[in-house]
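**Q** Next comes my_file-v3.cif, mmCIF, C-alpha atoms:
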data_start
loop_
_atom_site.label_atom_id
_atom_site.label_comp_id
_atom_site.auth_asym_id
_atom_site.auth_seq_id
_atom_site.Cartn_x
_atom_site.Cartn_y
_atom_site.Cartn_z
CA MET A 1 -3.63 -28.09 -32.59
CA ARG A 2 -2.14 -25.60 -35.00
CA ASP A 3 1.36 -24.15 -34.72
CA LYS A 4 0.03 -20.61 -34.79
CA TYR A 5 -3.06 -18.76 -33.59
CA ASP A 6 -4.04 -15.11 -33.50
CA ILE A 7 -5.07 -15.32 -29.87
CA ILE A 8 -4.32 -17.87 -27.15
CA VAL A 9 -6.38 -17.81 -23.98
CA VAL A 10 -4.86 -19.51 -20.93
CA GLY A 11 -7.48 -20.79 -18.50
CA GLY A 12 -10.99 -22.13 -19.04
CA GLY A 13 -12.96 -20.41 -16.28
CA PRO A 14 -15.72 -17.88 -17.02
CA ALA A 15 -13.23 -15.10 -17.89
CA GLY A 16 -11.22 -17.29 -20.27
CA SER A 17 -14.19 -18.84 -22.07
CA THR A 18 -15.93 -15.47 -22.44
CA ALA A 19 -12.75 -13.90 -23.83
CA ALA A 20 -12.31 -16.82 -26.23
CA LYS A 21 -15.92 -16.51 -27.38
CA TRP A 22 -15.77 -12.79 -28.16
CA ALA A 23 -12.32 -13.05 -29.72
CA ALA A 24 -13.55 -15.86 -31.99
CA MET A 25 -16.67 -13.87 -32.92
CA SER A 26 -14.38 -11.18 -34.32
CA GLY A 27 -13.06 -13.72 -36.78
CA ALA A 28 -9.69 -14.31 -35.12
CA ALA A 29 -8.13 -17.79 -34.85
CA VAL A 30 -8.44 -18.60 -31.15
CA ALA A 31 -7.23 -21.43 -28.92
CA LEU A 32 -8.03 -21.89 -25.25
CA PHE A 33 -5.75 -23.97 -23.04
CA GLU A 34 -7.15 -25.43 -19.82
CA ARG A 35 -4.85 -27.32 -17.44
CA ASP A 36 -7.53 -29.56 -15.95
CA ARG A 37 -9.05 -32.48 -17.78
CA GLU A 38 -12.53 -30.97 -17.80
CA ILE A 39 -13.86 -27.42 -17.94
CA GLY A 40 -15.82 -26.55 -14.81
CA ILE A 41 -14.31 -29.23 -12.59
CA PRO A 42 -13.32 -28.91 -9.83
CA VAL A 43 -15.63 -26.10 -8.77
CA ARG A 44 -13.79 -23.60 -6.55
CA CYS A 45 -16.61 -21.18 -5.86
CA ALA A 46 -19.58 -20.50 -3.58
CA GLU A 47 -21.53 -20.04 -6.84
CA ALA A 48 -23.82 -17.12 -5.92
CA THR A 49 -24.27 -14.14 -8.21
CA ALA A 50 -26.85 -11.58 -9.37
CA MET A 51 -29.27 -12.75 -12.04
CA ASP A 52 -29.91 -9.39 -13.72
CA ASP A 53 -26.23 -8.62 -14.06
CA LEU A 54 -25.60 -12.09 -15.46
CA LYS A 55 -28.17 -11.39 -18.17
CA LYS A 56 -26.22 -8.31 -19.21
CA TYR A 57 -23.25 -10.35 -20.35
CA VAL A 58 -24.55 -13.74 -21.46
CA GLU A 59 -27.67 -15.40 -22.74
CA VAL A 60 -28.65 -17.31 -19.64
CA ASP A 61 -29.72 -20.92 -19.63
CA GLU A 62 -32.07 -22.37 -17.01
CA THR A 63 -29.81 -25.38 -16.50
CA TRP A 64 -27.19 -23.12 -14.91
CA PHE A 65 -29.39 -22.31 -11.93
CA ALA A 66 -29.36 -24.39 -8.77
CA SER A 67 -31.60 -21.98 -6.85
CA ILE A 68 -33.14 -18.54 -7.24
CA ILE A 69 -32.62 -16.16 -4.32
CA ASP A 70 -34.78 -13.26 -3.15
CA CYS A 71 -33.70 -12.99 0.48
CA VAL A 72 -30.41 -12.54 2.34
CA ARG A 73 -30.21 -13.37 6.02
CA PHE A 74 -27.34 -11.74 7.87
CA ILE A 75 -26.48 -13.42 11.15
CA SER A 76 -24.68 -11.14 13.58
CA PRO A 77 -21.76 -12.33 15.70
CA SER A 78 -23.99 -13.05 18.70
CA GLY A 79 -26.45 -14.90 16.48
CA ILE A 80 -29.15 -12.30 15.77
CA PRO A 81 -30.66 -12.99 12.34
CA VAL A 82 -31.66 -10.10 10.09
CA GLU A 83 -33.56 -10.95 6.92
CA VAL A 84 -33.37 -8.55 4.02
CA HIS A 85 -35.65 -9.02 1.05
CA LEU A 86 -33.85 -8.23 -2.15
CA PRO A 87 -35.19 -5.87 -4.78
CA ILE A 88 -33.31 -7.97 -7.35
CA LYS A 89 -33.00 -11.69 -8.01
CA GLY A 90 -29.93 -13.58 -6.92
CA VAL A 91 -28.96 -17.00 -8.12
CA VAL A 92 -26.83 -19.90 -6.95
CA LEU A 93 -25.23 -21.40 -10.03
CA ASN A 94 -24.25 -24.90 -11.00
CA ARG A 95 -20.73 -23.84 -11.95
CA ARG A 96 -19.95 -27.22 -13.52
CA ILE A 97 -22.74 -26.70 -16.04
CA PHE A 98 -22.22 -22.93 -16.32
CA ASP A 99 -18.48 -23.11 -17.03
CA ASN A 100 -18.92 -25.96 -19.46
CA ASP A 101 -21.62 -24.12 -21.33
CA LEU A 102 -19.49 -20.97 -21.64
CA ALA A 103 -16.68 -23.03 -23.17
CA ILE A 104 -19.16 -24.67 -25.53
CA GLN A 105 -20.41 -21.22 -26.55
CA ALA A 106 -16.81 -20.24 -27.32
CA ALA A 107 -16.38 -23.43 -29.34
CA SER A 108 -19.59 -22.65 -31.24
CA GLU A 109 -18.01 -19.39 -32.36
CA GLY A 110 -14.98 -21.25 -33.66
CA ALA A 111 -12.56 -21.16 -30.71
CA GLU A 112 -10.55 -24.36 -30.28
CA ILE A 113 -10.64 -25.70 -26.73
CA PHE A 114 -7.86 -27.90 -25.35
CA THR A 115 -8.11 -29.52 -21.95
CA LYS A 116 -5.21 -31.23 -20.16
CA ALA A 117 -3.18 -28.45 -21.76
CA TYR A 118 -0.72 -26.94 -19.31
CA VAL A 119 1.15 -23.77 -20.30
CA HIS A 120 4.50 -23.87 -18.50
CA ASP A 121 6.29 -21.02 -20.21
CA VAL A 122 5.48 -17.96 -22.28
CA GLU A 123 8.07 -15.94 -24.17
CA PHE A 124 7.14 -12.40 -25.11
CA ASN A 125 9.21 -11.10 -28.01
CA PRO A 126 8.81 -7.40 -28.88
CA GLY A 127 7.58 -7.03 -32.44
CA ASP A 128 7.28 -10.78 -32.96
CA TYR A 129 4.99 -13.67 -32.08
CA VAL A 130 4.53 -14.72 -28.49
CA LYS A 131 5.84 -18.26 -27.96
CA VAL A 132 3.71 -20.46 -25.73
CA ARG A 133 5.14 -23.69 -24.39
CA VAL A 134 2.31 -26.07 -23.63
CA ARG A 135 2.09 -29.73 -22.62
CA HIS A 136 -1.08 -31.17 -24.10
CA ILE A 137 -1.93 -34.67 -22.89
CA GLY A 138 1.73 -35.17 -22.11
CA GLU A 139 3.07 -33.91 -25.43
CA GLY A 140 5.22 -30.77 -25.42
CA ARG A 141 4.50 -28.17 -28.10
CA ILE A 142 5.53 -24.64 -28.94
CA VAL A 143 2.60 -22.63 -30.26
CA LYS A 144 2.80 -19.06 -31.52
CA ALA A 145 0.24 -16.32 -31.00
CA ARG A 146 -0.07 -12.59 -31.57
CA ILE A 147 -1.91 -12.01 -28.29
CA ILE A 148 -2.14 -13.97 -25.04
CA ILE A 149 -5.14 -13.54 -22.79
CA ALA A 150 -4.14 -14.59 -19.26
CA ALA A 151 -7.18 -16.04 -17.50
CA ASP A 152 -5.28 -18.33 -15.17
CA GLY A 153 -7.11 -17.42 -11.99
CA ILE A 154 -5.80 -16.78 -8.48
CA GLU A 155 -2.33 -18.11 -9.39
CA SER A 156 -1.86 -15.45 -12.06
CA ARG A 157 1.46 -16.82 -13.29
CA ILE A 158 1.11 -16.18 -17.02
CA ALA A 159 1.39 -12.38 -16.71
CA ARG A 160 4.58 -12.84 -14.68
CA PHE A 161 6.27 -14.14 -17.83
CA ALA A 162 5.74 -10.62 -19.21
CA GLY A 163 7.36 -9.14 -16.13
CA ILE A 164 4.15 -8.01 -14.45
CA ARG A 165 4.11 -8.45 -10.70
CA THR A 166 0.80 -10.14 -10.00
CA GLN A 167 1.73 -11.36 -6.52
CA ALA A 168 -1.07 -10.53 -4.06
CA ALA A 169 -0.49 -9.28 -0.54
CA LEU A 170 -1.90 -11.50 2.22
CA GLN A 171 -4.40 -8.79 3.16
CA ASP A 172 -5.76 -8.96 -0.40
CA VAL A 173 -6.55 -12.66 -0.52
CA GLU A 174 -9.26 -14.62 1.26
CA SER A 175 -8.34 -18.16 2.09
CA CYS A 176 -11.53 -20.20 1.68
CA VAL A 177 -12.82 -23.68 2.42
CA GLN A 178 -16.24 -25.00 1.49
CA ILE A 179 -18.22 -28.20 1.73
CA LEU A 180 -21.12 -29.35 -0.32
CA ALA A 181 -23.45 -30.29 2.51
CA GLY A 182 -25.97 -33.10 2.37
CA ASN A 183 -28.58 -34.02 5.00
CA ILE A 184 -29.75 -30.42 5.24
CA GLN A 185 -33.04 -28.68 4.56
CA LEU A 186 -33.12 -24.97 3.84
CA PRO A 187 -35.47 -22.47 2.26
CA PRO A 188 -34.35 -22.58 -1.38
CA ASN A 189 -34.80 -18.83 -1.86
CA ARG A 190 -32.52 -17.54 0.91
CA ILE A 191 -28.79 -17.25 1.41
CA ASP A 192 -27.21 -16.85 4.85
CA ILE A 193 -24.19 -14.69 5.63
CA TYR A 194 -22.50 -15.06 9.03
CA VAL A 195 -20.37 -12.12 10.06
CA SER A 196 -18.07 -12.79 12.98
CA GLU A 197 -14.42 -12.64 13.93
CA ARG A 198 -15.00 -16.01 15.52
CA TRP A 199 -15.99 -17.79 12.34
CA ALA A 200 -14.21 -15.84 9.65
CA PRO A 201 -11.84 -13.02 10.63
CA GLY A 202 -11.98 -10.29 8.00
CA GLY A 203 -14.40 -12.29 5.85
CA TYR A 204 -17.64 -14.17 6.37
CA ALA A 205 -19.19 -17.62 6.44
CA TRP A 206 -21.90 -18.52 3.94
CA VAL A 207 -24.70 -21.00 3.51
CA PHE A 208 -26.01 -21.05 -0.06
CA PRO A 209 -28.75 -23.56 -0.98
CA LYS A 210 -27.98 -25.70 -4.01
CA SER A 211 -31.18 -27.73 -3.92
CA SER A 212 -33.90 -28.60 -1.44
CA ARG A 213 -31.47 -31.00 0.23
CA SER A 214 -27.97 -29.61 -0.29
CA ALA A 215 -25.98 -26.41 0.25
CA ASN A 216 -22.58 -24.83 -0.20
CA ILE A 217 -21.33 -24.06 3.30
CA GLY A 218 -18.02 -22.33 3.56
CA LEU A 219 -15.99 -19.44 4.86
CA GLY A 220 -13.19 -17.16 3.88
CA VAL A 221 -10.55 -15.59 6.10
CA ILE A 222 -8.43 -12.62 5.11
CA GLY A 223 -4.82 -13.73 4.73
CA ASN A 224 -3.31 -11.36 7.27
CA LYS A 225 -5.93 -12.37 9.87
CA ILE A 226 -5.18 -16.07 9.84
CA LYS A 227 -3.77 -16.85 13.25
CA THR A 228 -3.73 -20.17 15.05
CA GLU A 229 -6.84 -21.64 13.45
CA SER A 230 -6.76 -22.49 9.74
CA PRO A 231 -9.82 -21.88 7.54
CA LEU A 232 -10.40 -25.63 7.51
CA GLN A 233 -10.41 -25.77 11.31
CA LEU A 234 -12.70 -22.73 11.50
CA LEU A 235 -15.16 -24.34 9.09
CA ASN A 236 -15.21 -27.54 11.10
CA LYS A 237 -15.92 -25.49 14.23
CA PHE A 238 -18.70 -23.61 12.45
CA LEU A 239 -20.31 -26.83 11.20
CA LYS A 240 -20.10 -28.50 14.59
CA GLU A 241 -21.88 -25.60 16.24
CA ILE A 242 -24.38 -24.40 13.62
CA TYR A 243 -24.97 -27.43 11.40
CA PRO A 244 -23.96 -30.47 13.45
CA ASP A 245 -26.04 -32.90 11.37
CA VAL A 246 -24.85 -32.08 7.87
CA VAL A 247 -22.86 -34.61 5.93
CA PRO A 248 -20.11 -33.17 3.74
CA VAL A 249 -20.29 -34.68 0.28
CA ALA A 250 -17.26 -32.73 -0.97
CA THR A 251 -14.62 -30.42 0.47
CA ILE A 252 -12.88 -27.81 -1.63
CA ALA A 253 -10.38 -25.05 -0.99
CA GLY A 254 -9.55 -21.88 -2.86
CA GLY A 255 -8.30 -18.33 -2.79
CA VAL A 256 -10.39 -15.27 -3.59
CA PRO A 257 -8.76 -11.98 -4.57
CA VAL A 258 -10.18 -9.10 -2.54
CA ALA A 259 -7.75 -6.56 -3.90
CA ARG A 260 -7.63 -3.49 -6.02
CA SER A 261 -7.54 -4.75 -9.60
CA LEU A 262 -4.02 -5.02 -11.01
CA LYS A 263 -2.68 -1.68 -12.20
CA THR A 264 -1.35 -3.15 -15.43
CA ILE A 265 -3.79 -5.43 -17.24
CA ALA A 266 -2.57 -4.80 -20.80
CA ARG A 267 0.86 -5.00 -22.41
CA ASP A 268 2.24 -5.65 -25.86
CA GLY A 269 0.71 -9.02 -26.80
CA LEU A 270 -0.97 -9.54 -23.43
CA LEU A 271 -4.29 -8.96 -21.69
CA ILE A 272 -5.09 -10.14 -18.14
CA VAL A 273 -8.67 -10.97 -17.13
CA GLY A 274 -10.74 -12.17 -14.17
CA ASP A 275 -9.18 -13.42 -10.93
CA ALA A 276 -5.75 -13.33 -12.62
CA ALA A 277 -6.17 -9.53 -12.85
CA ARG A 278 -7.55 -9.52 -9.27
CA GLN A 279 -10.89 -8.45 -10.69
CA ALA A 280 -13.34 -9.52 -8.01
CA ASN A 281 -15.63 -7.52 -5.78
CA PRO A 282 -13.35 -6.80 -2.78
CA VAL A 283 -16.26 -6.78 -0.31
CA SER A 284 -18.29 -9.81 -1.34
CA GLY A 285 -15.47 -11.73 -3.03
CA GLY A 286 -17.77 -12.31 -6.01
CA GLY A 287 -15.79 -12.71 -9.21
CA ILE A 288 -18.15 -14.18 -11.79
CA LEU A 289 -19.62 -10.93 -13.10
CA ALA A 290 -16.23 -9.23 -13.28
CA ALA A 291 -14.90 -12.26 -15.15
CA LEU A 292 -17.69 -12.11 -17.73
CA ARG A 293 -17.32 -8.39 -18.16
CA SER A 294 -13.54 -8.31 -18.47
CA GLY A 295 -13.57 -11.45 -20.62
CA LYS A 296 -15.97 -9.84 -23.07
CA LEU A 297 -14.02 -6.58 -23.14
CA ALA A 298 -10.68 -8.31 -23.59
CA GLY A 299 -12.00 -10.68 -26.27
CA GLU A 300 -13.50 -7.84 -28.27
CA ILE A 301 -10.43 -5.63 -28.05
CA ALA A 302 -8.03 -8.48 -28.82
CA GLY A 303 -10.18 -9.19 -31.87
CA GLN A 304 -9.97 -5.56 -32.98
CA ALA A 305 -6.20 -5.59 -32.47
CA ILE A 306 -5.89 -8.61 -34.79
CA HIS A 307 -8.06 -6.88 -37.39
CA LYS A 308 -5.91 -3.77 -37.21
CA ASN A 309 -2.80 -5.92 -37.30
CA ASP A 310 -1.64 -4.18 -34.15
CA PRO A 311 -1.30 -6.54 -31.17
CA THR A 312 0.61 -3.89 -29.25
CA ILE A 313 -0.31 -1.79 -26.27
CA SER A 314 -1.44 1.07 -28.50
CA THR A 315 -4.61 -0.91 -29.35
CA LEU A 316 -4.73 -3.23 -26.34
CA LYS A 317 -4.67 -0.31 -23.90
CA GLU A 318 -8.34 0.24 -24.81
CA TYR A 319 -9.13 -2.75 -22.58
CA GLN A 320 -7.32 -1.21 -19.65
CA LEU A 321 -8.99 2.17 -20.17
CA ALA A 322 -12.47 0.65 -20.49
CA TRP A 323 -12.02 -1.43 -17.35
CA ASP A 324 -10.50 1.36 -15.27
CA LYS A 325 -13.28 3.82 -15.92
CA THR A 326 -16.12 1.35 -15.26
CA VAL A 327 -15.83 -1.63 -12.92
CA GLY A 328 -12.26 -0.78 -11.99
CA LYS A 329 -13.38 2.53 -10.60
CA GLU A 330 -16.26 0.94 -8.72
CA TYR A 331 -14.04 -1.74 -7.22
CA ARG A 332 -11.50 0.79 -6.02
CA ARG A 333 -14.35 2.33 -4.02
CA PHE A 334 -15.39 -1.10 -2.74
CA TYR A 335 -11.80 -1.75 -1.72
CA ARG A 336 -11.92 1.26 0.60
CA ILE A 337 -15.14 -0.13 2.08
CA LYS A 338 -13.43 -3.46 2.61
CA GLU A 339 -10.58 -1.75 4.42
CA TRP A 340 -13.07 0.08 6.62
CA MET A 341 -15.07 -3.08 7.35
CA GLN A 342 -11.87 -4.75 8.52
CA THR A 343 -11.73 -2.26 11.37
CA LEU A 344 -15.28 -2.89 12.66
CA PRO A 345 -15.54 -4.91 15.86
CA ASP A 346 -18.14 -7.67 16.28
CA GLU A 347 -20.08 -5.38 18.64
CA TYR A 348 -20.81 -3.02 15.78
CA TYR A 349 -22.66 -5.70 13.82
CA ASP A 350 -24.51 -6.86 16.93
CA GLU A 351 -25.64 -3.34 17.69
CA MET A 352 -26.95 -2.94 14.19
CA ALA A 353 -28.72 -6.30 14.25
CA ASN A 354 -30.33 -5.42 17.58
CA TRP A 355 -31.71 -2.23 16.16
CA LEU A 356 -33.11 -4.01 13.11
CA MET A 357 -34.62 -6.76 15.26
CA ASN A 358 -37.02 -4.24 16.77
CA LEU A 359 -38.54 -3.59 13.38
CA LYS A 360 -41.37 -5.64 11.92
CA PRO A 361 -40.00 -8.09 9.31
CA ASP A 362 -41.55 -6.22 6.38
CA GLU A 363 -39.95 -3.04 7.62
CA VAL A 364 -36.46 -4.42 7.28
CA THR A 365 -35.66 -2.92 3.95
CA LEU A 366 -32.46 -1.63 2.56
CA THR A 367 -33.82 1.88 3.13
CA LYS A 368 -34.22 1.21 6.84
CA ILE A 369 -30.75 -0.22 7.07
CA PHE A 370 -29.57 2.84 5.24
CA LYS A 371 -31.19 5.10 7.83
CA LEU A 372 -29.41 3.21 10.57
CA ALA A 373 -26.20 3.46 8.65
CA VAL A 374 -26.58 7.18 8.29
CA LYS A 375 -26.97 7.42 12.03
CA ASN A 376 -23.81 5.44 12.67
CA LYS A 377 -21.55 6.17 9.77
CA PRO A 378 -22.89 8.24 6.93
CA SER A 379 -21.58 7.25 3.54
CA LEU A 380 -19.77 3.99 3.84
CA LEU A 381 -22.30 1.54 5.21
CA LEU A 382 -24.73 2.36 2.44
CA ASP A 383 -22.12 1.23 0.01
CA VAL A 384 -21.71 -1.96 1.98
CA ILE A 385 -25.39 -2.74 1.69
CA LYS A 386 -25.31 -1.94 -2.01
CA VAL A 387 -22.44 -4.31 -2.48
CA PHE A 388 -24.22 -7.20 -0.84
CA ALA A 389 -27.53 -6.44 -2.49
CA GLY A 390 -25.80 -6.61 -5.84
CA TYR A 391 -26.56 -3.08 -6.96
CA MET B 392 12.66 -24.56 3.00
CA ILE B 393 8.98 -25.22 2.31
CA LYS B 394 7.52 -28.67 2.65
CA ILE B 395 4.37 -29.67 0.76
CA ASP B 396 2.04 -32.28 2.18
CA ILE B 397 0.54 -33.61 -1.05
CA ASP B 398 -2.14 -35.49 0.88
CA ARG B 399 -3.50 -32.21 2.24
CA CYS B 400 -2.96 -30.07 -0.89
CA ASP B 401 -6.18 -29.37 -2.81
CA LEU B 402 -4.30 -27.99 -5.85
CA CYS B 403 -6.15 -24.66 -5.52
CA GLY B 404 -3.15 -22.47 -6.41
CA THR B 405 -3.74 -19.82 -3.75
CA CYS B 406 -0.12 -20.15 -2.54
CA VAL B 407 1.13 -19.55 -6.08
CA GLY B 408 -0.83 -16.29 -6.15
CA VAL B 409 0.93 -14.86 -3.08
CA CYS B 410 4.49 -16.18 -3.52
CA PRO B 411 6.67 -13.06 -3.82
CA VAL B 412 9.50 -14.86 -5.61
CA ASP B 413 7.42 -17.11 -7.87
CA CYS B 414 8.98 -20.33 -6.62
CA LEU B 415 5.74 -22.34 -6.50
CA GLU B 416 4.28 -24.01 -9.55
CA LEU B 417 1.05 -25.92 -9.96
CA SER B 418 1.50 -28.07 -13.04
CA GLU B 419 -0.59 -31.09 -13.97
CA GLN B 420 -2.04 -32.36 -10.68
CA VAL B 421 1.01 -31.51 -8.59
CA LEU B 422 2.33 -28.52 -6.66
CA THR B 423 6.09 -28.10 -6.63
CA VAL B 424 8.47 -25.67 -4.96
CA ASN B 425 11.77 -24.49 -6.37
CA GLN B 426 13.87 -24.56 -3.20
CA ASN B 427 16.70 -22.65 -4.91
CA ILE B 428 14.55 -19.52 -5.16
CA CYS B 429 12.37 -19.94 -2.04
CA THR B 430 13.22 -17.51 0.74
CA SER B 431 11.09 -19.30 3.37
CA CYS B 432 9.05 -16.11 3.87
CA GLY B 433 6.09 -18.24 4.94
CA LYS B 434 3.31 -16.41 3.08
CA CYS B 435 2.22 -19.61 1.35
CA VAL B 436 2.14 -21.39 4.70
CA ILE B 437 -0.23 -18.77 6.11
CA ILE B 438 -2.59 -18.53 3.13
CA CYS B 439 -3.02 -22.26 2.45
CA PRO B 440 -6.65 -23.09 3.36
CA MET B 441 -5.76 -26.74 3.95
CA THR B 442 -2.52 -26.20 5.94
CA ALA B 443 -0.68 -28.29 3.40
CA LEU B 444 2.50 -26.21 3.59
CA THR B 445 5.04 -25.94 6.39
CA ILE B 446 8.42 -24.35 6.85
CA ASP B 447 10.98 -27.00 7.53
CA GLN B 448 13.14 -25.28 10.14
CA GLY B 449 15.75 -28.01 10.15
CA GLN B 450 17.05 -27.17 6.72
CA GLY B 451 15.85 -23.59 6.44
#
Once you've parsed the file, please lay out its structure as structure tokens.

**A**
Amino acid sequence: MRDKYDIIVVGGGPAGSTAAKWAAMSGAAVALFERDREIGIPVRCAEATAMDDLKKYVEVDETWFASIIDCVRFISPSGIPVEVHLPIKGVVLNRRIFDNDLAIQAASEGAEIFTKAYVHDVEFNPGDYVKVRVRHIGEGRIVKARIIIAADGIESRIARFAGIRTQAALQDVESCVQILAGNIQLPPNRIDIYVSERWAPGGYAWVFPKSSRSANIGLGVIGNKIKTESPLQLLNKFLKEIYPDVVPVATIAGGVPVARSLKTIARDGLLIVGDAARQANPVSGGGILAALRSGKLAGEIAGQAIHKNDPTISTLKEYQLAWDKTVGKEYRRFYRIKEWMQTLPDEYYDEMANWLMNLKPDEVTLTKIFKLAVKNKPSLLLDVIKVFAGY
Amino acid sequence: MIKIDIDRCDLCGTCVGVCPVDCLELSEQVLTVNQNICTSCGKCVIICPMTALTIDQGQG
């Protein structure tokens, strides 16, 4: 480890590794610090994303894919299933492999990767180097950098050292629990989404196939809707009733930001990316694509800032501007949809499912759902469908 | 004050993300709370997916 880098990335998830990769490609000296002992472990993710969008940001590798999805089955609160065939391909990832590969790609571009490297303090000094205090395999070091890229996930503590309030409101976080289920057989091309106040108030439960004999089964509850039953208890109830025979091979917990992105994601010597910047789709909770996109943007712009010898906000603000007018704008719209969906009672979803049930299976298209949506609530539901279909 | 049940804690960091006063820290394989700053607001208790956190009324 050197005493000084151009750019230090904190956090080795998809946002961090992507930022490190693009920053290193610009020729900057880059280090990435990951607290855990291995990149990609533990997985705290349901692992589903959209294939075509993925291809926009990275060169995909077949080994990342656990299953390829072309169908979503929504199960209404009273149990009515509605299958929707997707016009695009979805994918359930092997995040262990995916995350690892992204870090290796960053390393291939010259970024130095340090695991078991915990950043416990960051000192931002106007006009001078940023001082990063890191413990790497038990040894304390002070490392200097021109720019810090905070990719420290749901915790989002790094940006707080720069005085940015990253604290999320309870209504903007989903509290999630998931098992990797064994002793289960599912169609490998379909994901299931259960919408119900009973299973997951304000969120949903999911069943995503990971192979012909395993699946991620989990649920997320909006923070301000957690009452007497914890997410863990709700998941156990769900499993008992819907999948009584599955054997959990692993249980994991995690928080998903379903917020408006942070207002401030760039400062002198600092960029914030991915979950740390609350950059996830507020309706679906999906954060992988946003992480790749913001990571790439931040890495490129940090690289430019080093080239121009200007690690201040006057160059770094380009990241904020680029995000705000693209995904940021889209997610603000999705956030309003999320807020609206929070108000819908279970009966609404049942009514819709009932209507769709009367159609022949091949008639259940997004267009048909759209027509129903128009009947019930003109603009918003279409957006909801778009969100889930990955448009 | 906030009590952490380390046997239940999954080290996911969700509580850290919502703490309004930044008194929680997830360092290497352990979650700690700075009781001097904690206001016992209970947000971390609510959001924890594993119910690993509780407010200890006795000393609150």

**Q** If the cut-off is 7 Å, can you tell me the residues of chain B near chain A, counting only C-alpha atoms? I'd like them as a short mmCIF file (atom, residue, chain, number, x, y, z; two decimals) with C-alpha atoms, in the coordinates of the input.

**A**
data_model
loop_
_atom_site.label_atom_id
_atom_site.label_comp_id
_atom_site.auth_asym_id
_atom_site.auth_seq_id
_atom_site.Cartn_x
_atom_site.Cartn_y
_atom_site.Cartn_z
CA ASP B 401 -6.18 -29.37 -2.81
CA CYS B 403 -6.15 -24.66 -5.52
CA GLY B 404 -3.15 -22.47 -6.41
CA THR B 405 -3.74 -19.82 -3.75
CA VAL B 407 1.13 -19.55 -6.08
CA GLY B 408 -0.83 -16.29 -6.15
CA VAL B 409 0.93 -14.86 -3.08
CA CYS B 410 4.49 -16.18 -3.52
CA PRO B 411 6.67 -13.06 -3.82
CA SER B 418 1.50 -28.07 -13.04
CA GLU B 419 -0.59 -31.09 -13.97
CA ILE B 437 -0.23 -18.77 6.11
CA ILE B 438 -2.59 -18.53 3.13
CA CYS B 439 -3.02 -22.26 2.45
CA PRO B 440 -6.65 -23.09 3.36
CA MET B 441 -5.76 -26.74 3.95
CA THR B 442 -2.52 -26.20 5.94
#

**Q** Using the chain letters and numbers from the file, which residues does the PyMOL selection byres ((chain B and resi 427-433) around 10) grab, as a tab-separated table (two decimals) with C-alpha atoms, in the coordinates of the input?

**A**
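And here's result_36.tsv as it stands now:
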chain	number	residue	atom	x	y	z
B	392	MET	CA	12.66	-24.56	3.00
B	393	ILE	CA	8.98	-25.22	2.31
B	406	CYS	CA	-0.12	-20.15	-2.54
B	410	CYS	CA	4.49	-16.18	-3.52
B	411	PRO	CA	6.67	-13.06	-3.82
B	412	VAL	CA	9.50	-14.86	-5.61
B	413	ASP	CA	7.42	-17.11	-7.87
B	414	CYS	CA	8.98	-20.33	-6.62
B	415	LEU	CA	5.74	-22.34	-6.50
B	424	VAL	CA	8.47	-25.67	-4.96
B	425	ASN	CA	11.77	-24.49	-6.37
B	426	GLN	CA	13.87	-24.56	-3.20
B	434	LYS	CA	3.31	-16.41	3.08
B	435	CYS	CA	2.22	-19.61	1.35
B	436	VAL	CA	2.14	-21.39	4.70
B	437	ILE	CA	-0.23	-18.77	6.11
B	438	ILE	CA	-2.59	-18.53	3.13
B	444	LEU	CA	2.50	-26.21	3.59
B	445	THR	CA	5.04	-25.94	6.39
B	446	ILE	CA	8.42	-24.35	6.85
B	447	ASP	CA	10.98	-27.00	7.53
B	448	GLN	CA	13.14	-25.28	10.14
B	451	GLY	CA	15.85	-23.59	6.44

**Q** A:Ala259, A:Ala48, A:Val132, A:Val43: which is nearest Arg336 of chain A, counting all atoms listed in the file?

**A**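 Under the stated criterion, the closest residue is A:Ala259.
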
**Q** Restricting the calculation to all atoms listed in the file, which member of B:Glu416, B:Asp396, B:Thr423, B:Leu402 is positioned closest to Ala443 of chain B?

**A**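 Among B:Glu416, B:Asp396, B:Thr423, B:Leu402, it is B:Asp396 that comes nearest to Ala443 of chain B.
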
**Q** Report the centre and edge lengths, in Å to one decimal, of an axis-aligned box enclosing every atom of segment 131-146 of chain A listed in the file, padded by 4 Å on each side, as lines of an AutoDock Vina configuration file.

**A**
center_x = 2.0
center_y = -23.9
center_z = -26.8
size_x = 15.8
size_y = 30.6
size_z = 17.5
